[in-house]
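Visitor: Structure: data.txt, compact mmCIF, C-alpha atoms.
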# COMPACT_ATOMS: atom_id res chain seq x y z
CA MET A 830 0.00 0.00 0.00
CA LEU A 831 1.11 3.59 -0.47
CA LYS A 832 2.04 4.63 3.03
CA GLY A 833 1.02 8.26 2.68
CA GLU A 834 -0.21 9.92 -0.49
CA ARG A 835 0.56 13.62 -0.30
CA GLY A 836 3.67 15.77 -0.10
CA PRO A 837 6.80 15.67 -2.26
CA LEU A 838 10.20 14.49 -1.12
CA ARG A 839 13.36 16.42 -1.90
CA PRO A 840 16.09 13.77 -1.76
CA TRP A 841 18.47 14.25 1.11
CA ARG A 842 22.08 15.24 0.55
CA ARG A 843 24.29 12.24 -0.21
CA GLN A 844 26.66 11.15 2.52
CA ARG A 845 29.42 8.54 2.66
CA PRO A 846 28.39 5.22 4.26
CA ALA A 847 29.95 4.40 7.63
CA ALA A 848 30.13 1.33 9.84
CA ALA A 849 26.96 0.63 11.82
CA SER A 850 26.86 0.59 15.59
CA ALA A 851 27.80 -2.80 17.02
CA LEU A 852 25.00 -2.31 19.51
CA ALA A 853 22.43 -2.89 16.77
CA ALA A 854 23.43 -6.55 16.52
CA ALA A 855 22.52 -7.02 20.17
CA CYS A 856 19.13 -5.47 19.52
CA LEU A 857 18.07 -8.33 17.28
CA ALA A 858 18.48 -10.84 20.08
CA LEU A 859 16.02 -8.79 22.10
CA ALA A 860 13.67 -8.22 19.20
CA SER A 861 13.44 -11.84 18.08
CA PRO A 862 11.83 -14.57 20.19
CA PRO A 863 13.51 -17.96 20.45
CA ALA A 864 12.57 -20.60 17.95
CA ALA A 865 10.75 -22.57 20.62
CA ALA A 866 8.18 -19.81 20.90
CA GLN A 867 7.06 -20.25 17.29
CA GLN A 868 3.67 -21.81 16.74
CA PRO A 869 2.95 -25.09 14.90
CA ALA A 870 1.66 -24.81 11.36
CA ALA A 871 -2.09 -24.33 10.94
CA PRO A 872 -4.20 -25.26 7.89
CA ALA A 873 -3.51 -22.77 5.09
CA PRO A 874 -6.35 -20.33 4.41
CA GLU A 875 -7.95 -20.54 0.97
CA GLY A 876 -5.95 -18.59 -1.61
CA MET A 877 -2.74 -18.49 0.43
CA VAL A 878 0.45 -18.70 -1.63
CA SER A 879 3.89 -19.27 -0.09
CA ILE A 880 6.83 -17.87 -2.06
CA ALA A 881 10.33 -19.06 -1.16
CA GLY A 882 13.81 -17.94 -2.12
CA PHE A 883 14.28 -14.83 0.00
CA ALA A 884 17.01 -14.12 2.58
CA ALA A 885 15.66 -13.00 5.97
CA PRO A 886 12.76 -11.00 4.48
CA GLU A 887 12.00 -8.36 7.12
CA SER A 888 9.31 -6.27 5.46
CA VAL A 889 6.95 -6.14 2.50
CA LEU A 890 5.28 -3.20 0.77
CA ILE A 891 2.39 -3.46 -1.68
CA ASP A 892 2.52 -1.11 -4.68
CA ARG A 893 -0.74 -1.73 -6.51
CA PRO A 894 -0.27 0.98 -9.19
CA ARG A 895 2.98 -0.65 -10.32
CA GLY A 896 1.68 -4.18 -9.79
CA VAL A 897 4.37 -5.35 -7.38
CA ILE A 898 5.18 -6.18 -3.78
CA TYR A 899 8.59 -5.01 -2.56
CA VAL A 900 10.48 -7.28 -0.16
CA ALA A 901 13.36 -6.04 2.02
CA ASN A 902 15.93 -8.83 2.59
CA ILE A 903 18.40 -8.45 5.46
CA ASN A 904 20.51 -11.37 4.17
CA GLY A 905 22.70 -11.70 7.24
CA ALA A 906 22.90 -10.11 10.66
CA PRO A 907 20.35 -7.30 11.09
CA GLY A 908 22.86 -4.93 12.65
CA GLU A 909 25.87 -5.68 10.45
CA ALA A 910 27.07 -3.21 7.80
CA ASP A 911 27.95 -5.94 5.29
CA ASP A 912 26.52 -4.37 2.11
CA ASN A 913 24.74 -7.56 1.06
CA GLY A 914 21.11 -6.60 1.70
CA PHE A 915 18.73 -6.46 -1.23
CA ILE A 916 15.20 -5.53 -2.31
CA SER A 917 13.08 -8.00 -4.27
CA ARG A 918 9.91 -7.46 -6.31
CA ILE A 919 6.99 -9.89 -6.51
CA SER A 920 4.70 -9.45 -9.51
CA LEU A 921 1.03 -9.21 -8.55
CA ASP A 922 0.11 -10.66 -11.94
CA ASP A 923 1.77 -14.07 -11.67
CA LEU A 924 3.71 -13.92 -8.35
CA SER A 925 7.02 -14.25 -10.18
CA VAL A 926 10.00 -12.82 -8.29
CA GLU A 927 12.78 -10.47 -9.34
CA THR A 928 15.00 -11.41 -6.42
CA HIS A 929 17.81 -8.85 -6.63
CA TRP A 930 16.02 -5.78 -8.02
CA ILE A 931 18.09 -3.47 -5.78
CA ASP A 932 21.24 -5.21 -4.59
CA GLY A 933 23.95 -4.17 -2.16
CA ALA A 934 26.32 -6.34 -4.19
CA ASP A 935 26.13 -3.84 -7.07
CA ASP A 936 28.99 -1.35 -7.18
CA ASP A 937 26.72 1.72 -7.15
CA VAL A 938 24.41 0.51 -4.34
CA ARG A 939 24.99 0.47 -0.60
CA LEU A 940 22.45 -1.64 1.31
CA ASP A 941 23.39 -3.39 4.55
CA ALA A 942 20.36 -4.72 6.44
CA PRO A 943 17.19 -3.17 4.97
CA LYS A 944 14.04 -3.25 7.06
CA GLY A 945 11.09 -0.85 6.87
CA MET A 946 9.99 0.66 3.54
CA ALA A 947 7.69 3.45 2.40
CA LEU A 948 6.74 5.01 -0.94
CA THR A 949 6.46 8.70 -1.72
CA PRO A 950 4.01 10.06 -4.32
CA ASP A 951 6.87 11.63 -6.29
CA GLY A 952 8.57 8.36 -7.05
CA PHE A 953 10.95 7.29 -4.28
CA LEU A 954 11.23 4.08 -2.30
CA LEU A 955 12.51 4.89 1.19
CA VAL A 956 14.30 2.18 3.19
CA SER A 957 15.58 2.05 6.77
CA ASP A 958 19.07 0.56 7.04
CA ILE A 959 20.43 0.17 10.61
CA ASP A 960 21.35 3.79 11.39
CA ARG A 961 20.47 5.59 8.17
CA LEU A 962 17.72 6.06 5.62
CA ARG A 963 18.14 5.40 1.92
CA ALA A 964 16.10 6.62 -1.04
CA PHE A 965 15.86 4.82 -4.38
CA ARG A 966 14.13 5.91 -7.59
CA ILE A 967 11.08 3.71 -7.86
CA GLU A 968 11.07 3.46 -11.66
CA THR A 969 14.70 2.37 -12.00
CA GLY A 970 15.85 1.20 -8.56
CA GLU A 971 18.80 3.59 -8.74
CA PRO A 972 20.07 5.09 -5.47
CA ALA A 973 19.01 8.71 -5.03
CA ALA A 974 20.05 9.82 -1.53
CA MET A 975 21.10 8.76 1.94
CA LEU A 976 20.50 10.33 5.33
CA GLU A 977 22.55 9.29 8.36
CA MET A 978 20.48 9.44 11.56
CA ALA A 979 22.42 10.75 14.54
CA ASP A 980 22.35 8.50 17.63
CA ALA A 981 20.24 5.87 15.86
CA THR A 982 20.43 2.37 17.34
CA PHE A 983 18.08 0.13 15.35
CA LEU A 984 16.00 1.93 12.73
CA ASN A 985 13.01 -0.20 11.93
CA ASP A 986 9.63 0.64 10.38
CA LEU A 987 8.68 3.61 8.17
CA TRP A 988 5.45 5.42 7.34
CA PHE A 989 5.28 8.38 4.95
CA GLN A 990 2.39 10.79 5.47
CA ASP A 991 1.75 14.33 4.20
CA GLY A 992 5.39 15.04 3.45
CA THR A 993 6.74 13.61 6.72
CA LEU A 994 8.50 10.28 7.15
CA TYR A 995 7.87 8.65 10.54
CA VAL A 996 10.61 6.26 11.66
CA SER A 997 10.75 3.87 14.59
CA ASP A 998 14.09 3.36 16.31
CA SER A 999 13.59 0.23 18.40
CA GLY A 1000 16.55 0.94 20.67
CA GLY A 1001 18.26 -1.83 22.58
CA VAL A 1002 20.18 -2.57 25.75
CA ASP A 1003 20.28 0.61 27.84
CA ARG A 1004 18.95 2.58 24.87
CA PRO A 1005 15.29 3.61 24.99
CA GLY A 1006 13.29 3.44 21.80
CA ARG A 1007 12.28 6.52 19.86
CA VAL A 1008 9.88 7.61 17.14
CA LEU A 1009 11.34 10.19 14.77
CA ALA A 1010 9.90 12.51 12.12
CA VAL A 1011 11.96 13.42 9.05
CA ASP A 1012 10.99 16.33 6.80
CA ALA A 1013 11.68 16.75 3.08
CA ASP A 1014 14.95 18.60 3.74
CA GLY A 1015 16.32 15.88 6.02
CA GLY A 1016 15.50 17.65 9.27
CA VAL A 1017 14.92 15.16 12.09
CA ALA A 1018 12.71 15.67 15.15
CA ILE A 1019 12.06 13.33 18.07
CA VAL A 1020 8.32 12.73 18.32
CA ALA A 1021 8.52 10.55 21.45
CA GLU A 1022 11.13 8.51 23.29
CA GLY A 1023 11.63 6.50 26.45
CA ALA A 1024 10.54 3.38 28.26
CA ASP A 1025 6.82 4.11 27.82
CA LEU A 1026 7.21 3.25 24.13
CA ALA A 1027 8.21 -0.33 25.10
CA ARG A 1028 10.63 -0.47 22.17
CA PRO A 1029 8.60 0.74 19.18
CA ASN A 1030 8.50 -1.35 16.05
CA GLY A 1031 5.65 -0.99 13.55
CA VAL A 1032 4.52 2.58 12.88
CA ALA A 1033 1.45 3.87 11.00
CA VAL A 1034 -0.88 6.85 10.67
CA ASP A 1035 -4.59 6.01 10.62
CA GLY A 1036 -7.46 7.74 8.86
CA ALA A 1037 -8.06 9.98 11.86
CA GLY A 1038 -4.49 11.23 11.69
CA ARG A 1039 -3.28 9.38 14.78
CA LEU A 1040 0.36 8.32 14.87
CA LEU A 1041 0.33 4.68 16.02
CA VAL A 1042 3.10 2.37 17.20
CA ALA A 1043 3.29 -1.40 17.76
CA THR A 1044 5.56 -2.43 20.64
CA LEU A 1045 8.23 -5.12 20.90
CA ASP A 1046 8.29 -5.29 24.69
CA ALA A 1047 4.55 -5.09 25.35
CA ALA A 1048 1.41 -6.48 23.74
CA ARG A 1049 0.05 -3.02 22.98
CA ILE A 1050 -0.63 -0.60 20.16
CA LEU A 1051 0.05 2.97 21.26
CA ALA A 1052 -0.97 6.39 19.97
CA ILE A 1053 1.38 9.38 20.16
CA ALA A 1054 -0.26 12.80 20.38
CA GLU A 1055 1.26 15.96 18.89
CA ASP A 1056 2.61 16.93 22.31
CA GLY A 1057 4.30 13.53 22.71
CA THR A 1058 1.69 12.12 25.09
CA ILE A 1059 1.41 8.34 24.79
CA SER A 1060 -1.86 6.45 25.20
CA VAL A 1061 -2.95 2.83 24.72
CA VAL A 1062 -5.13 2.14 21.68
CA ALA A 1063 -5.38 -1.65 22.01
CA ASN A 1064 -4.13 -4.49 24.19
CA LEU A 1065 -3.33 -7.66 22.25
CA PRO A 1066 -3.42 -11.33 23.31
CA ALA A 1067 0.34 -11.67 22.73
CA GLY A 1068 3.34 -9.45 22.23
CA ARG A 1069 6.61 -9.17 20.32
CA LEU A 1070 4.67 -7.03 17.86
CA ASP A 1071 6.21 -6.17 14.52
CA GLY A 1072 4.37 -4.84 11.46
CA LEU A 1073 1.46 -2.43 11.79
CA VAL A 1074 -1.00 -1.44 9.05
CA ALA A 1075 -3.84 1.08 9.26
CA LEU A 1076 -6.61 0.06 6.85
CA ALA A 1077 -9.15 2.27 5.10
CA ASP A 1078 -12.05 0.80 7.11
CA GLY A 1079 -10.58 2.06 10.38
CA SER A 1080 -9.19 -1.30 11.49
CA LEU A 1081 -5.57 -2.11 12.29
CA LEU A 1082 -3.48 -5.16 11.45
CA VAL A 1083 -0.49 -6.16 13.54
CA SER A 1084 1.86 -9.14 13.48
CA SER A 1085 2.98 -10.94 16.66
CA TRP A 1086 6.10 -13.10 16.88
CA GLU A 1087 5.01 -14.41 20.28
CA ALA A 1088 1.69 -15.71 18.96
CA GLY A 1089 2.90 -16.49 15.44
CA ALA A 1090 -0.18 -14.65 14.28
CA ILE A 1091 -1.73 -11.65 12.55
CA PHE A 1092 -4.31 -9.78 14.64
CA ARG A 1093 -6.96 -7.38 13.41
CA VAL A 1094 -8.19 -4.64 15.75
CA THR A 1095 -11.57 -3.52 14.45
CA ALA A 1096 -12.71 0.10 14.50
CA ASP A 1097 -14.75 -0.63 17.63
CA GLY A 1098 -11.79 -2.22 19.44
CA GLN A 1099 -12.43 -5.94 19.02
CA VAL A 1100 -9.39 -8.16 18.42
CA VAL A 1101 -9.69 -10.93 15.83
CA THR A 1102 -7.02 -13.45 14.75
CA LEU A 1103 -6.73 -13.40 10.95
CA ALA A 1104 -3.93 -15.97 10.56
CA ASP A 1105 -1.88 -18.09 12.96
CA GLY A 1106 0.69 -20.88 12.96
CA LEU A 1107 3.16 -18.46 11.38
CA ALA A 1108 6.89 -18.59 12.10
CA SER A 1109 8.40 -15.12 12.59
CA PRO A 1110 5.73 -12.90 10.96
CA ALA A 1111 7.62 -9.64 10.47
CA ASP A 1112 6.65 -6.29 8.88
CA ILE A 1113 3.40 -7.03 7.06
CA ASP A 1114 1.41 -4.98 4.56
CA ALA A 1115 -2.21 -5.13 3.44
CA GLU A 1116 -4.84 -3.18 1.58
CA ILE A 1117 -8.58 -3.29 1.04
CA GLY A 1118 -9.43 -3.55 -2.66
CA ALA A 1119 -12.54 -2.68 -4.61
CA ASP A 1120 -13.98 -6.07 -3.63
CA SER A 1121 -13.03 -8.99 -1.41
CA ALA A 1122 -11.23 -10.73 -4.27
CA SER A 1123 -8.79 -7.81 -4.70
CA SER A 1124 -8.05 -7.23 -1.01
CA LEU A 1125 -4.56 -8.41 -0.17
CA LEU A 1126 -2.35 -9.38 2.79
CA ALA A 1127 1.41 -9.99 2.49
CA ILE A 1128 3.40 -11.56 5.35
CA PRO A 1129 7.21 -11.95 5.41
CA LEU A 1130 8.36 -14.95 7.45
CA LEU A 1131 11.84 -13.80 8.39
CA THR A 1132 13.36 -17.01 9.74
CA GLU A 1133 11.89 -19.19 6.97
CA ASP A 1134 12.98 -17.01 4.02
CA ARG A 1135 9.42 -17.00 2.70
CA VAL A 1136 6.68 -14.49 1.94
CA ILE A 1137 3.00 -15.37 2.25
CA VAL A 1138 0.55 -13.66 -0.13
CA MET A 1139 -3.16 -14.20 0.48
CA PRO A 1140 -6.56 -12.56 0.25
CA LEU A 1141 -7.22 -10.26 3.18
CA PRO A 1142 -9.83 -12.03 5.36
CA GLU A 1143 -12.99 -10.03 5.93
Would you mind writing the structure in this file as structure tokens?
Guide:
Amino acid sequence: MLKGERGPLRPWRRQRPAAASALAAACLALASPPAAAQQPAAPAPEGMVSIAGFAAPESVLIDRPRGVIYVANINGAPGEADDNGFISRISLDDLSVETHWIDGADDDVRLDAPKGMALTPDGFLLVSDIDRLRAFRIETGEPAAMLEMADATFLNDLWFQDGTLYVSDSGGVDRPGRVLAVDADGGVAIVAEGADLARPNGVAVDGAGRLLVATLDAARILAIAEDGTISVVANLPAGRLDGLVALADGSLLVSSWEAGAIFRVTADGQVVTLADGLASPADIDAEIGADSASSLLAIPLLTEDRVIVMPLPE
């Protein structure tokens, strides 16, 4: 889905890549539950397709106008500046895969451990990469700009809305999490930070304009007001939350590593399990189509190197 639809982006000034903080590697151990916590496989829902061949796929992003799903592949340690991350594209027509569409192995591309992604209406794919943000031209995949984020520990999810890019920094040992806002000129502001965020992961803006965050260290979805005040929007049955999507009908989708599931929080606050028995469901994406047949849910299974594509359950 297009995470935000208004406001141009002026690509940030290019900067030279630098080694990532070693602390980020320790963050993954805190962010990821042990394998024993994963749930047994459940019967596959009707229409579910499992696509293999990825390398630690951390996030997916649906781009309906261009007929593709982007997949961010860490391909190694999530905090290591190894320049071997890559972005894949899945065709929505036949589910064929262009595995290395943007590839850190190319001489003109730097991509270490890509995670969250967002699209801008003026043609850029934005990607979080450990302690910096990268912009690529959506029509060609060519690198356009890079912005190093001061004091970043573990940049994670992205959401672009009305000219502002919201970024979660999940923090780590002795480093509280933060939610940041980046403007078109590369200016960075701290929206909220501290223990109350319970290590923010998924980030989204809903139809009412609320900035929402899914937490790693608590089974909660939070809202952050303009003054930085944090409130609880929903309590979930399980935690280790990852991807967060705000749908057009007012509901929210969130993935949980602890439950191995995708939860839907309806507009009136009810929590429904849409899919379970999933190993390591990471940064999901979904959208409501013109009818039930065109509604879509994409789920990256990080530890299994697979992406699930299925109709979005009603």
Visitor: When you count only C-alpha atoms, which of these residues is closest to A:Asp923: A:Gly1015, A:Gly896, A:Gly1068, A:Pro1005?
Guide: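 Result for the nearest residue to A:Asp923: A:Gly896.
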Visitor: At what distance in Å, to one decimal, does atom CA of A:Asp1120 lie from atom CA of A:Leu1040?
Guide: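 Between atom CA of A:Leu1040 and atom CA of A:Asp1120 the gap works out to 27.5 Å.
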Visitor: Which residues come within 6 Å of stretch 939-947 of chain A, counting all atoms listed in the file, excluding same-chain residues fewer than 3 positions away, as a short mmCIF file (atom, residue, chain, number, x, y, z; two decimals) with C-alpha atoms, in the coordinates of the input?
Guide:
data_model
loop_
_atom_site.label_atom_id
_atom_site.label_comp_id
_atom_site.auth_asym_id
_atom_site.auth_seq_id
_atom_site.Cartn_x
_atom_site.Cartn_y
_atom_site.Cartn_z
CA LYS A 832 2.04 4.63 3.03
CA GLU A 887 12.00 -8.36 7.12
CA SER A 888 9.31 -6.27 5.46
CA ALA A 901 13.36 -6.04 2.02
CA ILE A 903 18.40 -8.45 5.46
CA PRO A 907 20.35 -7.30 11.09
CA ALA A 910 27.07 -3.21 7.80
CA ASP A 911 27.95 -5.94 5.29
CA ASP A 912 26.52 -4.37 2.11
CA ASN A 913 24.74 -7.56 1.06
CA GLY A 914 21.11 -6.60 1.70
CA GLY A 933 23.95 -4.17 -2.16
CA LEU A 954 11.23 4.08 -2.30
CA LEU A 955 12.51 4.89 1.19
CA VAL A 956 14.30 2.18 3.19
CA SER A 957 15.58 2.05 6.77
CA ASP A 958 19.07 0.56 7.04
CA ASN A 985 13.01 -0.20 11.93
CA ASP A 986 9.63 0.64 10.38
CA LEU A 987 8.68 3.61 8.17
CA TRP A 988 5.45 5.42 7.34
#
Visitor: Looking at all atoms listed in the file, which of A:Arg1004, A:Arg1135, A:Arg1049, A:Arg961 is the one that sits closest to A:Leu1070?
Guide: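 Looking at the shortest contact to A:Leu1070, the residue is A:Arg1049.
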Visitor: What does the distance from atom CA of A:Val878 to atom CA of A:Gln1099 come to in Å, to one decimal?
Guide: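 Atom CA of A:Gln1099 lies at a distance of 27.5 Å from atom CA of A:Val878.
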Visitor: Can you work out the spacing between atom CA of A:Gly1000 and atom CA of A:Ile967 in Å, to one decimal?
Guide: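 The value is 29.2 Å.
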Visitor: Specify the axis-aligned box that encloses all atoms of stretch 897-904 of chain A listed in the file after padding of 3 Å on each side, stating its centre and edge lengths in Å to one decimal as JSON.
Guide:
{"center_x": 12.4, "center_y": -8.2, "center_z": -1.0, "size_x": 22.1, "size_y": 12.4, "size_z": 18.8}
Visitor: With all atoms listed in the file as the basis for distance, which of A:Trp930, A:Phe965, A:Trp1086, A:Tyr995 is at the shortest distance from A:Leu1041?
Guide: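 With all atoms listed in the file as the atom set, the closest residue is A:Tyr995.
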Visitor: For a quick check of understanding, using all atoms listed in the file, which of A:Leu1076, A:Val1083, A:Ala1037, A:Val938 has the smallest distance to A:Ile1050?
Guide: A:Val1083
Visitor: Quick one: everything within 8 Å of A:Glu1022, counting only C-alpha atoms, minus sequence neighbours fewer than 5 positions away in the same chain. Send it as a list of chain:residue names.
Guide: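 Everything that qualifies: A:Pro1005, A:Gly1006, A:Arg1007, A:Val1008.
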Visitor: Limited to C-alpha atoms, could you put the picked residues into a file as a PDB file, in the frame of the given file?
Guide:
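Everything below was put into part-v5.pdb:
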ATOM      1  CA  PRO A1005      15.290   3.610  24.990  1.00  0.00           C
ATOM      2  CA  GLY A1006      13.290   3.440  21.800  1.00  0.00           C
ATOM      3  CA  ARG A1007      12.280   6.520  19.860  1.00  0.00           C
ATOM      4  CA  VAL A1008       9.880   7.610  17.140  1.00  0.00           C
TER       5      VAL A1008
END
Visitor: Under the rule that only C-alpha atoms are counted, which of A:Ala881, A:Ala1018, A:Leu890, A:Met975 is the nearest residue to A:Asp1112?
Guide: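 Under the stated criterion, the closest residue is A:Leu890.
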Visitor: Pick out the residues sitting within 8 Å of A:Leu1082, and hand them over as an MDAnalysis selection string; count all atoms listed in the file, and ignore anything fewer than 2 positions along from it in its own chain.
Guide: chainID A and resid 1072:1076 1080 1084 1091:1094
Visitor: Only C-alpha atoms, please: the residues just picked out, written as a PDB file, in the frame of the given file.
Guide:
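Saved result, selection.pdb, follows:
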ATOM      1  CA  GLY A1072       4.370  -4.840  11.460  1.00  0.00           C
ATOM      2  CA  LEU A1073       1.460  -2.430  11.790  1.00  0.00           C
ATOM      3  CA  VAL A1074      -1.000  -1.440   9.050  1.00  0.00           C
ATOM      4  CA  ALA A1075      -3.840   1.080   9.260  1.00  0.00           C
ATOM      5  CA  LEU A1076      -6.610   0.060   6.850  1.00  0.00           C
ATOM      6  CA  SER A1080      -9.190  -1.300  11.490  1.00  0.00           C
ATOM      7  CA  SER A1084       1.860  -9.140  13.480  1.00  0.00           C
ATOM      8  CA  ILE A1091      -1.730 -11.650  12.550  1.00  0.00           C
ATOM      9  CA  PHE A1092      -4.310  -9.780  14.640  1.00  0.00           C
ATOM     10  CA  ARG A1093      -6.960  -7.380  13.410  1.00  0.00           C
ATOM     11  CA  VAL A1094      -8.190  -4.640  15.750  1.00  0.00           C
TER      12      VAL A1094
END
Visitor: Would you please work out which residue, of A:Arg893, A:Glu971, A:Val1020, A:Val1101, is nearest to A:Asp1056 when using all atoms listed in the file?
Guide: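 Smallest distance to A:Asp1056 is found for A:Val1020.
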